[in-house]
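Heads up: the structure comes next, in structure tokens.
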Amino acid sequence: MAVLSRLMLRFRTSSTIRSFCTKYSEIDLTRAASAEALSSALPVEDSKEKGRNVHWVFLGCPGVGKGTYAARLSNLLGVSHIATGDLVRQELSSHGPLSSQLAEIVNQGKLISDEIIINLLSKRLEEIQAKGETGFILDGFPRTVRQAEILEGVTDIGLVINLKLREEALIAKCLGRRICSDCGGNYNVACIDIKGEDGSPRMYMPPLLPPPNCESKLITRSDDTEEVVKERLRVYNEKSRPVEEFYRARGKLLEFDLPGGIPESWTKLLQALNLDDHEDKKSAAA
């Protein structure tokens, strides 16, 4: 609570955050304090390079592939990819003061508190600002309407991409995830082949297998059990589905149904974002 107390103290002397709190009927001091933490860390939009002012968010159920597509887009556009899941895992591996508390939350498939997530996110945004970067793609935040309101109060999110995938495919993907304990590479041993029913097309997602030197070093995330995966999906449907409506009502939501594996889905996602020409030009210049 020390971090929150400091933020609330700063809140009392900040006219910007007082205005933000008034905007939301002064419901929650914690929300306003969190907003100030993010506001002070968010980079200033002063670059005119294409893609540098991208402020995008990826939504979607756990395991849908937000990290994969957000990372690819960030590389294509030359902006930072901020994955709150990665921030949490880095904190867990650091064995710092938060690691044991986070481990218990993650292993139960529950949502991490706003205070913890915003603390980690603020640190990452400060690093981006120090590098002089202005654009970013968020992956894993916001997960609640409350978090979306905090983000809305401190920056203008231009686009929210909502990745969608059938639940049976989601569960299979999560259970098939593997990480190389040596290089940290992410792979998936699941071969998903779902026959189309009631007019829906067949879905085929081939496994993403590791190179020979990583085969014997694969490990499974501790929270990738069927019980925890189903609990994460339940929590998402309860807490995060309303976030989709939050952005849909603001005209910022792009719904994208993943049609299959990465090669097929990536091409169609770029077309949906009108970025297919952008990738072609970048490839030609490489």
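Each chain of the structure tokens is named A, B, ... in the order shown, its residues numbered from 1; ligands are numbered from 1 in display order.
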**Report entry** Residues near region 99-110 of chain A, cut-off 9 Å, only C-alpha atoms, skip fewer than 2 positions along chain, as an MDAnalysis selection string
**Finding:** chainID A and resid 88:89 91:97 112 116 222:224 227:233 235
Dump as a PDB file, in the first residue's frame, selection limited to N, CA, C and O atoms:
ATOM      1  N   VAL A  88       4.716  -9.000 -15.580  1.00  0.00           N
ATOM      2  CA  VAL A  88       4.433  -9.824 -14.389  1.00  0.00           C
ATOM      3  C   VAL A  88       5.427 -10.966 -14.283  1.00  0.00           C
ATOM      4  O   VAL A  88       5.975 -11.238 -13.201  1.00  0.00           O
ATOM      5  N   ARG A  89       5.694 -11.644 -15.419  1.00  0.00           N
ATOM      6  CA  ARG A  89       6.637 -12.771 -15.384  1.00  0.00           C
ATOM      7  C   ARG A  89       8.052 -12.307 -15.039  1.00  0.00           C
ATOM      8  O   ARG A  89       8.796 -13.004 -14.342  1.00  0.00           O
ATOM      9  N   GLU A  91       8.751  -9.796 -13.100  1.00  0.00           N
ATOM     10  CA  GLU A  91       8.723  -9.530 -11.661  1.00  0.00           C
ATOM     11  C   GLU A  91       8.773 -10.830 -10.869  1.00  0.00           C
ATOM     12  O   GLU A  91       9.441 -10.925  -9.838  1.00  0.00           O
ATOM     13  N   LEU A  92       8.088 -11.868 -11.377  1.00  0.00           N
ATOM     14  CA  LEU A  92       8.108 -13.172 -10.716  1.00  0.00           C
ATOM     15  C   LEU A  92       9.520 -13.753 -10.697  1.00  0.00           C
ATOM     16  O   LEU A  92       9.974 -14.289  -9.689  1.00  0.00           O
ATOM     17  N   SER A  93      10.219 -13.644 -11.823  1.00  0.00           N
ATOM     18  CA  SER A  93      11.568 -14.208 -11.913  1.00  0.00           C
ATOM     19  C   SER A  93      12.596 -13.410 -11.140  1.00  0.00           C
ATOM     20  O   SER A  93      13.675 -13.904 -10.822  1.00  0.00           O
ATOM     21  N   SER A  94      12.254 -12.153 -10.804  1.00  0.00           N
ATOM     22  CA  SER A  94      13.198 -11.314 -10.069  1.00  0.00           C
ATOM     23  C   SER A  94      13.278 -11.684  -8.597  1.00  0.00           C
ATOM     24  O   SER A  94      14.203 -11.283  -7.895  1.00  0.00           O
ATOM     25  N   HIS A  95      12.278 -12.457  -8.116  1.00  0.00           N
ATOM     26  CA  HIS A  95      12.204 -12.846  -6.702  1.00  0.00           C
ATOM     27  C   HIS A  95      12.206 -11.624  -5.777  1.00  0.00           C
ATOM     28  O   HIS A  95      12.733 -11.662  -4.666  1.00  0.00           O
ATOM     29  N   GLY A  96      11.609 -10.545  -6.281  1.00  0.00           N
ATOM     30  CA  GLY A  96      11.494  -9.330  -5.477  1.00  0.00           C
ATOM     31  C   GLY A  96      10.365  -9.431  -4.469  1.00  0.00           C
ATOM     32  O   GLY A  96       9.752 -10.490  -4.296  1.00  0.00           O
ATOM     33  N   PRO A  97      10.046  -8.316  -3.810  1.00  0.00           N
ATOM     34  CA  PRO A  97       9.029  -8.333  -2.754  1.00  0.00           C
ATOM     35  C   PRO A  97       7.635  -8.722  -3.230  1.00  0.00           C
ATOM     36  O   PRO A  97       6.824  -9.221  -2.453  1.00  0.00           O
ATOM     37  N   ILE A 112      -4.756  -9.745 -11.435  1.00  0.00           N
ATOM     38  CA  ILE A 112      -3.846  -9.017 -10.548  1.00  0.00           C
ATOM     39  C   ILE A 112      -4.433  -7.638 -10.277  1.00  0.00           C
ATOM     40  O   ILE A 112      -5.058  -7.033 -11.145  1.00  0.00           O
ATOM     41  N   ILE A 116      -0.908  -3.104  -8.537  1.00  0.00           N
ATOM     42  CA  ILE A 116       0.302  -3.822  -8.955  1.00  0.00           C
ATOM     43  C   ILE A 116       0.557  -3.634 -10.444  1.00  0.00           C
ATOM     44  O   ILE A 116       1.673  -3.311 -10.873  1.00  0.00           O
ATOM     45  N   SER A 222       3.604 -22.885 -15.327  1.00  0.00           N
ATOM     46  CA  SER A 222       2.917 -23.485 -14.178  1.00  0.00           C
ATOM     47  C   SER A 222       1.423 -23.229 -14.188  1.00  0.00           C
ATOM     48  O   SER A 222       0.640 -24.006 -13.624  1.00  0.00           O
ATOM     49  N   ASP A 223       0.996 -22.132 -14.829  1.00  0.00           N
ATOM     50  CA  ASP A 223      -0.430 -21.809 -14.850  1.00  0.00           C
ATOM     51  C   ASP A 223      -1.138 -22.347 -16.084  1.00  0.00           C
ATOM     52  O   ASP A 223      -2.331 -22.089 -16.272  1.00  0.00           O
ATOM     53  N   ASP A 224      -0.444 -23.106 -16.932  1.00  0.00           N
ATOM     54  CA  ASP A 224      -1.076 -23.687 -18.117  1.00  0.00           C
ATOM     55  C   ASP A 224      -1.591 -25.094 -17.834  1.00  0.00           C
ATOM     56  O   ASP A 224      -1.167 -26.082 -18.439  1.00  0.00           O
ATOM     57  N   GLU A 227      -7.469 -26.692 -15.579  1.00  0.00           N
ATOM     58  CA  GLU A 227      -8.272 -26.052 -14.540  1.00  0.00           C
ATOM     59  C   GLU A 227      -8.027 -24.540 -14.505  1.00  0.00           C
ATOM     60  O   GLU A 227      -8.968 -23.743 -14.448  1.00  0.00           O
ATOM     61  N   VAL A 228      -6.749 -24.147 -14.540  1.00  0.00           N
ATOM     62  CA  VAL A 228      -6.408 -22.727 -14.472  1.00  0.00           C
ATOM     63  C   VAL A 228      -6.812 -22.005 -15.759  1.00  0.00           C
ATOM     64  O   VAL A 228      -7.311 -20.873 -15.718  1.00  0.00           O
ATOM     65  N   VAL A 229      -6.620 -22.659 -16.903  1.00  0.00           N
ATOM     66  CA  VAL A 229      -6.987 -22.045 -18.179  1.00  0.00           C
ATOM     67  C   VAL A 229      -8.486 -21.755 -18.213  1.00  0.00           C
ATOM     68  O   VAL A 229      -8.921 -20.663 -18.606  1.00  0.00           O
ATOM     69  N   LYS A 230      -9.305 -22.713 -17.785  1.00  0.00           N
ATOM     70  CA  LYS A 230     -10.756 -22.511 -17.772  1.00  0.00           C
ATOM     71  C   LYS A 230     -11.146 -21.413 -16.784  1.00  0.00           C
ATOM     72  O   LYS A 230     -12.086 -20.649 -17.030  1.00  0.00           O
ATOM     73  N   GLU A 231     -10.431 -21.330 -15.663  1.00  0.00           N
ATOM     74  CA  GLU A 231     -10.709 -20.273 -14.700  1.00  0.00           C
ATOM     75  C   GLU A 231     -10.345 -18.917 -15.284  1.00  0.00           C
ATOM     76  O   GLU A 231     -11.070 -17.926 -15.082  1.00  0.00           O
ATOM     77  N   ARG A 232      -9.227 -18.834 -16.030  1.00  0.00           N
ATOM     78  CA  ARG A 232      -8.848 -17.573 -16.663  1.00  0.00           C
ATOM     79  C   ARG A 232      -9.898 -17.126 -17.674  1.00  0.00           C
ATOM     80  O   ARG A 232     -10.223 -15.947 -17.780  1.00  0.00           O
ATOM     81  N   LEU A 233     -10.444 -18.084 -18.419  1.00  0.00           N
ATOM     82  CA  LEU A 233     -11.479 -17.753 -19.390  1.00  0.00           C
ATOM     83  C   LEU A 233     -12.752 -17.286 -18.687  1.00  0.00           C
ATOM     84  O   LEU A 233     -13.418 -16.347 -19.145  1.00  0.00           O
ATOM     85  N   VAL A 235     -12.923 -15.797 -15.733  1.00  0.00           N
ATOM     86  CA  VAL A 235     -12.648 -14.461 -15.210  1.00  0.00           C
ATOM     87  C   VAL A 235     -12.663 -13.436 -16.340  1.00  0.00           C
ATOM     88  O   VAL A 235     -13.191 -12.329 -16.188  1.00  0.00           O
TER      89      VAL A 235
END
From region 104-239 of chain A, collect each residue whose DSSP state is strand (DSSP E or B) and return the set as a short mmCIF file (atom, residue, chain, number, x, y, z; two decimals) with all heavy atoms, in the first residue's frame.
data_model
loop_
_atom_site.label_atom_id
_atom_site.label_comp_id
_atom_site.auth_asym_id
_atom_site.auth_seq_id
_atom_site.Cartn_x
_atom_site.Cartn_y
_atom_site.Cartn_z
N PHE A 136 3.35 3.14 -28.79
CA PHE A 136 3.36 1.86 -28.08
C PHE A 136 2.13 1.04 -28.45
O PHE A 136 1.11 1.58 -28.89
CB PHE A 136 3.42 2.05 -26.56
CG PHE A 136 2.28 2.86 -25.99
CD1 PHE A 136 1.06 2.27 -25.69
CD2 PHE A 136 2.44 4.22 -25.76
CE1 PHE A 136 0.02 3.02 -25.17
CE2 PHE A 136 1.40 4.97 -25.24
CZ PHE A 136 0.19 4.36 -24.94
N ILE A 137 2.24 -0.27 -28.28
CA ILE A 137 1.11 -1.18 -28.42
C ILE A 137 0.98 -1.94 -27.12
O ILE A 137 1.91 -2.64 -26.70
CB ILE A 137 1.32 -2.15 -29.60
CG1 ILE A 137 1.38 -1.38 -30.92
CG2 ILE A 137 0.19 -3.18 -29.64
CD1 ILE A 137 1.65 -2.26 -32.14
N LEU A 138 -0.15 -1.77 -26.45
CA LEU A 138 -0.40 -2.42 -25.17
C LEU A 138 -1.05 -3.78 -25.38
O LEU A 138 -1.95 -3.93 -26.19
CB LEU A 138 -1.33 -1.56 -24.30
CG LEU A 138 -0.73 -0.37 -23.57
CD1 LEU A 138 -1.83 0.42 -22.87
CD2 LEU A 138 0.30 -0.83 -22.56
N ASP A 139 -0.59 -4.75 -24.61
CA ASP A 139 -1.09 -6.12 -24.70
C ASP A 139 -1.32 -6.62 -23.28
O ASP A 139 -0.37 -6.76 -22.51
CB ASP A 139 -0.04 -6.95 -25.46
CG ASP A 139 -0.05 -8.43 -25.12
OD1 ASP A 139 -1.07 -8.94 -24.66
OD2 ASP A 139 1.00 -9.07 -25.33
N LEU A 159 -6.80 2.92 -31.39
CA LEU A 159 -7.43 1.71 -31.92
C LEU A 159 -7.29 0.58 -30.92
O LEU A 159 -6.26 0.42 -30.27
CB LEU A 159 -6.75 1.31 -33.24
CG LEU A 159 -7.28 0.05 -33.94
CD1 LEU A 159 -8.70 0.29 -34.44
CD2 LEU A 159 -6.38 -0.36 -35.10
N VAL A 160 -8.36 -0.21 -30.82
CA VAL A 160 -8.36 -1.38 -29.94
C VAL A 160 -8.69 -2.60 -30.80
O VAL A 160 -9.77 -2.68 -31.40
CB VAL A 160 -9.40 -1.24 -28.81
CG1 VAL A 160 -9.41 -2.48 -27.93
CG2 VAL A 160 -9.09 0.00 -27.97
N ILE A 161 -7.76 -3.53 -30.89
CA ILE A 161 -7.91 -4.71 -31.73
C ILE A 161 -8.33 -5.88 -30.84
O ILE A 161 -7.59 -6.29 -29.95
CB ILE A 161 -6.59 -5.04 -32.46
CG1 ILE A 161 -6.14 -3.82 -33.27
CG2 ILE A 161 -6.76 -6.26 -33.35
CD1 ILE A 161 -4.67 -3.85 -33.64
N ASN A 162 -9.51 -6.40 -31.09
CA ASN A 162 -10.06 -7.49 -30.27
C ASN A 162 -9.92 -8.81 -31.03
O ASN A 162 -10.67 -9.08 -31.98
CB ASN A 162 -11.53 -7.20 -29.96
CG ASN A 162 -12.13 -8.23 -29.01
OD1 ASN A 162 -11.42 -8.80 -28.17
ND2 ASN A 162 -13.42 -8.48 -29.14
N LEU A 163 -8.94 -9.62 -30.64
CA LEU A 163 -8.73 -10.91 -31.28
C LEU A 163 -9.70 -11.94 -30.71
O LEU A 163 -9.88 -12.05 -29.50
CB LEU A 163 -7.29 -11.39 -31.04
CG LEU A 163 -6.17 -10.52 -31.61
CD1 LEU A 163 -4.82 -11.17 -31.34
CD2 LEU A 163 -6.35 -10.28 -33.10
N LYS A 164 -10.32 -12.71 -31.61
CA LYS A 164 -11.32 -13.69 -31.19
C LYS A 164 -10.98 -15.06 -31.75
O LYS A 164 -10.51 -15.19 -32.87
CB LYS A 164 -12.70 -13.24 -31.65
CG LYS A 164 -13.09 -11.86 -31.12
CD LYS A 164 -14.35 -11.33 -31.77
CE LYS A 164 -15.59 -12.02 -31.28
NZ LYS A 164 -16.82 -11.38 -31.81
N ARG A 177 1.18 -24.70 -25.05
CA ARG A 177 2.28 -23.73 -24.98
C ARG A 177 3.51 -24.32 -24.28
O ARG A 177 3.39 -24.98 -23.25
CB ARG A 177 1.83 -22.46 -24.26
CG ARG A 177 0.87 -21.65 -25.05
CD ARG A 177 0.66 -20.25 -24.49
NE ARG A 177 -0.01 -20.24 -23.20
CZ ARG A 177 -0.60 -19.16 -22.68
NH1 ARG A 177 -0.58 -18.03 -23.37
NH2 ARG A 177 -1.19 -19.21 -21.50
N ARG A 178 4.67 -24.03 -24.84
CA ARG A 178 5.93 -24.47 -24.26
C ARG A 178 6.96 -23.33 -24.36
O ARG A 178 6.91 -22.52 -25.29
CB ARG A 178 6.49 -25.71 -24.98
CG ARG A 178 5.60 -26.94 -24.93
CD ARG A 178 5.49 -27.53 -23.54
NE ARG A 178 4.73 -28.77 -23.54
CZ ARG A 178 3.41 -28.85 -23.42
NH1 ARG A 178 2.68 -27.74 -23.32
NH2 ARG A 178 2.80 -30.01 -23.43
N ILE A 179 7.87 -23.30 -23.41
CA ILE A 179 8.93 -22.29 -23.39
C ILE A 179 10.27 -23.01 -23.31
O ILE A 179 10.42 -23.98 -22.55
CB ILE A 179 8.77 -21.35 -22.19
CG1 ILE A 179 7.41 -20.66 -22.21
CG2 ILE A 179 9.88 -20.29 -22.17
CD1 ILE A 179 7.09 -19.89 -20.95
N CYS A 180 11.24 -22.55 -24.08
CA CYS A 180 12.59 -23.11 -23.97
C CYS A 180 13.25 -22.54 -22.73
O CYS A 180 13.38 -21.32 -22.59
CB CYS A 180 13.41 -22.78 -25.22
SG CYS A 180 15.13 -23.35 -25.10
N ASN A 186 9.28 -19.12 -27.41
CA ASN A 186 7.91 -19.61 -27.20
C ASN A 186 7.49 -20.50 -28.35
O ASN A 186 7.62 -20.12 -29.52
CB ASN A 186 6.95 -18.42 -27.08
CG ASN A 186 7.15 -17.64 -25.80
OD1 ASN A 186 6.77 -18.08 -24.73
ND2 ASN A 186 7.76 -16.46 -25.93
N TYR A 187 6.95 -21.67 -28.00
CA TYR A 187 6.53 -22.64 -29.01
C TYR A 187 5.17 -23.21 -28.61
O TYR A 187 4.66 -22.95 -27.51
CB TYR A 187 7.57 -23.75 -29.15
CG TYR A 187 8.96 -23.19 -29.42
CD1 TYR A 187 9.90 -23.08 -28.40
CD2 TYR A 187 9.30 -22.75 -30.69
CE1 TYR A 187 11.15 -22.54 -28.64
CE2 TYR A 187 10.56 -22.21 -30.94
CZ TYR A 187 11.48 -22.11 -29.92
OH TYR A 187 12.70 -21.57 -30.16
N ASN A 188 4.58 -24.01 -29.51
CA ASN A 188 3.31 -24.63 -29.20
C ASN A 188 3.25 -26.00 -29.87
O ASN A 188 3.42 -26.10 -31.09
CB ASN A 188 2.14 -23.75 -29.68
CG ASN A 188 0.87 -24.06 -28.94
OD1 ASN A 188 0.38 -25.18 -28.97
ND2 ASN A 188 0.33 -23.07 -28.25
N ILE A 192 -4.11 -28.08 -33.92
CA ILE A 192 -5.55 -27.83 -33.79
C ILE A 192 -6.21 -27.98 -35.15
O ILE A 192 -5.87 -27.29 -36.11
CB ILE A 192 -5.80 -26.42 -33.22
CG1 ILE A 192 -5.14 -26.29 -31.84
CG2 ILE A 192 -7.29 -26.12 -33.14
CD1 ILE A 192 -5.12 -24.89 -31.29
N ASP A 193 -7.16 -28.92 -35.22
CA ASP A 193 -7.89 -29.17 -36.47
C ASP A 193 -9.36 -29.34 -36.10
O ASP A 193 -9.78 -30.40 -35.63
CB ASP A 193 -7.33 -30.42 -37.16
CG ASP A 193 -7.85 -30.56 -38.59
OD1 ASP A 193 -8.74 -29.78 -38.99
OD2 ASP A 193 -7.37 -31.45 -39.31
N ILE A 194 -10.14 -28.28 -36.29
CA ILE A 194 -11.54 -28.28 -35.89
C ILE A 194 -12.42 -28.24 -37.14
O ILE A 194 -12.30 -27.33 -37.96
CB ILE A 194 -11.87 -27.07 -35.00
CG1 ILE A 194 -10.96 -27.07 -33.76
CG2 ILE A 194 -13.34 -27.07 -34.58
CD1 ILE A 194 -11.09 -25.84 -32.90
N MET A 203 -11.13 -24.98 -39.08
CA MET A 203 -10.00 -24.23 -38.55
C MET A 203 -8.81 -25.17 -38.36
O MET A 203 -8.91 -26.18 -37.66
CB MET A 203 -10.35 -23.58 -37.20
CG MET A 203 -9.14 -22.93 -36.53
SD MET A 203 -9.58 -22.04 -35.03
CE MET A 203 -10.38 -20.61 -35.72
N TYR A 204 -7.71 -24.80 -38.98
CA TYR A 204 -6.49 -25.60 -38.82
C TYR A 204 -5.36 -24.70 -38.36
O TYR A 204 -5.06 -23.67 -38.99
CB TYR A 204 -6.11 -26.27 -40.14
CG TYR A 204 -4.81 -27.05 -40.03
CD1 TYR A 204 -4.74 -28.21 -39.27
CD2 TYR A 204 -3.65 -26.60 -40.67
CE1 TYR A 204 -3.55 -28.93 -39.15
CE2 TYR A 204 -2.46 -27.30 -40.56
CZ TYR A 204 -2.42 -28.46 -39.80
OH TYR A 204 -1.24 -29.15 -39.68
N MET A 205 -4.75 -25.05 -37.24
CA MET A 205 -3.61 -24.31 -36.70
C MET A 205 -2.49 -25.32 -36.44
O MET A 205 -2.56 -26.08 -35.47
CB MET A 205 -4.00 -23.58 -35.42
CG MET A 205 -5.19 -22.64 -35.60
SD MET A 205 -5.69 -21.79 -34.07
CE MET A 205 -4.41 -20.54 -33.98
N LEU A 208 3.64 -25.02 -33.59
CA LEU A 208 4.84 -24.20 -33.78
C LEU A 208 5.95 -24.89 -33.00
O LEU A 208 6.15 -24.64 -31.81
CB LEU A 208 4.60 -22.78 -33.25
CG LEU A 208 5.76 -21.79 -33.36
CD1 LEU A 208 6.17 -21.59 -34.81
CD2 LEU A 208 5.40 -20.46 -32.72
N LEU A 218 12.26 -27.87 -23.37
CA LEU A 218 10.94 -27.27 -23.29
C LEU A 218 10.33 -27.46 -21.91
O LEU A 218 10.41 -28.54 -21.32
CB LEU A 218 10.01 -27.86 -24.35
CG LEU A 218 10.38 -27.60 -25.81
CD1 LEU A 218 9.30 -28.16 -26.72
CD2 LEU A 218 10.58 -26.11 -26.08
N ILE A 219 9.70 -26.41 -21.41
CA ILE A 219 8.99 -26.47 -20.14
C ILE A 219 7.59 -25.89 -20.33
O ILE A 219 7.33 -25.16 -21.27
CB ILE A 219 9.72 -25.71 -19.01
CG1 ILE A 219 9.92 -24.22 -19.40
CG2 ILE A 219 11.05 -26.35 -18.69
CD1 ILE A 219 10.51 -23.37 -18.29
#
List as a Markdown table every residue of region 65-129 of chain A that is in contact with region 53-60 of chain A, defined as an atom at most 9 Å from one of its atoms (using only C-alpha atoms), together with the nearest atom pair and the distance in Å rounded to one decimal, sorted by chain and then rising number.
| residue | atom | partner | partner_atom | distance |
| --- | --- | --- | --- | --- |
| A:Gly65 | CA | A:Gly60 | CA | 8.1 |
| A:Lys66 | CA | A:Phe58 | CA | 6.1 |
| A:Gly67 | CA | A:Phe58 | CA | 8.4 |
| A:Tyr69 | CA | A:Phe58 | CA | 8.7 |
| A:Ala70 | CA | A:Phe58 | CA | 7.0 |
| A:Leu77 | CA | A:Val54 | CA | 8.3 |
| A:Val79 | CA | A:Val54 | CA | 7.4 |
Based on the selection just made, write N, CA, C and O atoms of those residues as a short mmCIF file (atom, residue, chain, number, x, y, z; two decimals), in the first residue's frame.
data_model
loop_
_atom_site.label_atom_id
_atom_site.label_comp_id
_atom_site.auth_asym_id
_atom_site.auth_seq_id
_atom_site.Cartn_x
_atom_site.Cartn_y
_atom_site.Cartn_z
N GLY A 65 -3.38 -15.14 -28.53
CA GLY A 65 -2.24 -14.76 -29.37
C GLY A 65 -1.97 -13.28 -29.40
O GLY A 65 -1.30 -12.77 -30.32
N LYS A 66 -2.47 -12.55 -28.40
CA LYS A 66 -2.25 -11.10 -28.35
C LYS A 66 -0.77 -10.75 -28.43
O LYS A 66 -0.37 -9.85 -29.17
N GLY A 67 0.05 -11.47 -27.66
CA GLY A 67 1.48 -11.18 -27.62
C GLY A 67 2.15 -11.38 -28.96
O GLY A 67 2.99 -10.57 -29.38
N TYR A 69 0.84 -11.28 -32.09
CA TYR A 69 0.48 -10.28 -33.11
C TYR A 69 0.88 -8.87 -32.70
O TYR A 69 1.27 -8.06 -33.54
N ALA A 70 0.82 -8.57 -31.41
CA ALA A 70 1.26 -7.25 -30.95
C ALA A 70 2.76 -7.08 -31.18
O ALA A 70 3.22 -6.00 -31.59
N LEU A 77 5.87 -1.47 -37.19
CA LEU A 77 5.63 -0.03 -37.08
C LEU A 77 6.75 0.71 -36.36
O LEU A 77 6.76 1.94 -36.33
N VAL A 79 7.44 0.62 -33.01
CA VAL A 79 7.02 1.14 -31.70
C VAL A 79 7.18 0.05 -30.65
O VAL A 79 7.34 -1.13 -30.98
#
Query raised in the report: Can you tell me how far CA of Leu175 (chain A) sits from CA of Ser80 (chain A), in Å to one decimal?
Result: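 If I compute the distance from CA of Leu175 (chain A) to CA of Ser80 (chain A), I get 28.1 Å.
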**Report entry** Atom-to-atom span, CA of Pro207 (chain A) and CA of Asn274 (chain A), Å
**Finding:**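 Distance between the two atoms: 28.0 Å.
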Query raised in the report: Near Ile117 (chain A), counting only C-alpha atoms, which residues have an atom at most 10 Å away, once you skip same-chain residues fewer than 2 positions from it, shown as a list of chain:residue names?
Result: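 Near Ile117 (chain A), the qualifying residues are A:Ser34, A:Thr84, A:Gly85, A:Leu87, A:Val88, A:Leu111, A:Ile112, A:Ser113, A:Asp114, A:Glu115, A:Asn119, A:Leu120, A:Leu121, A:Ser122, A:Gly140, A:Phe141, A:Pro142, A:Gln147.
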Query - Interatomic distance, CA of Glu245 (chain A) to CA of Leu273 (chain A) (Å, one decimal) - result: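 About the pair CA of Glu245 (chain A) and CA of Leu273 (chain A): they are 20.0 Å apart.
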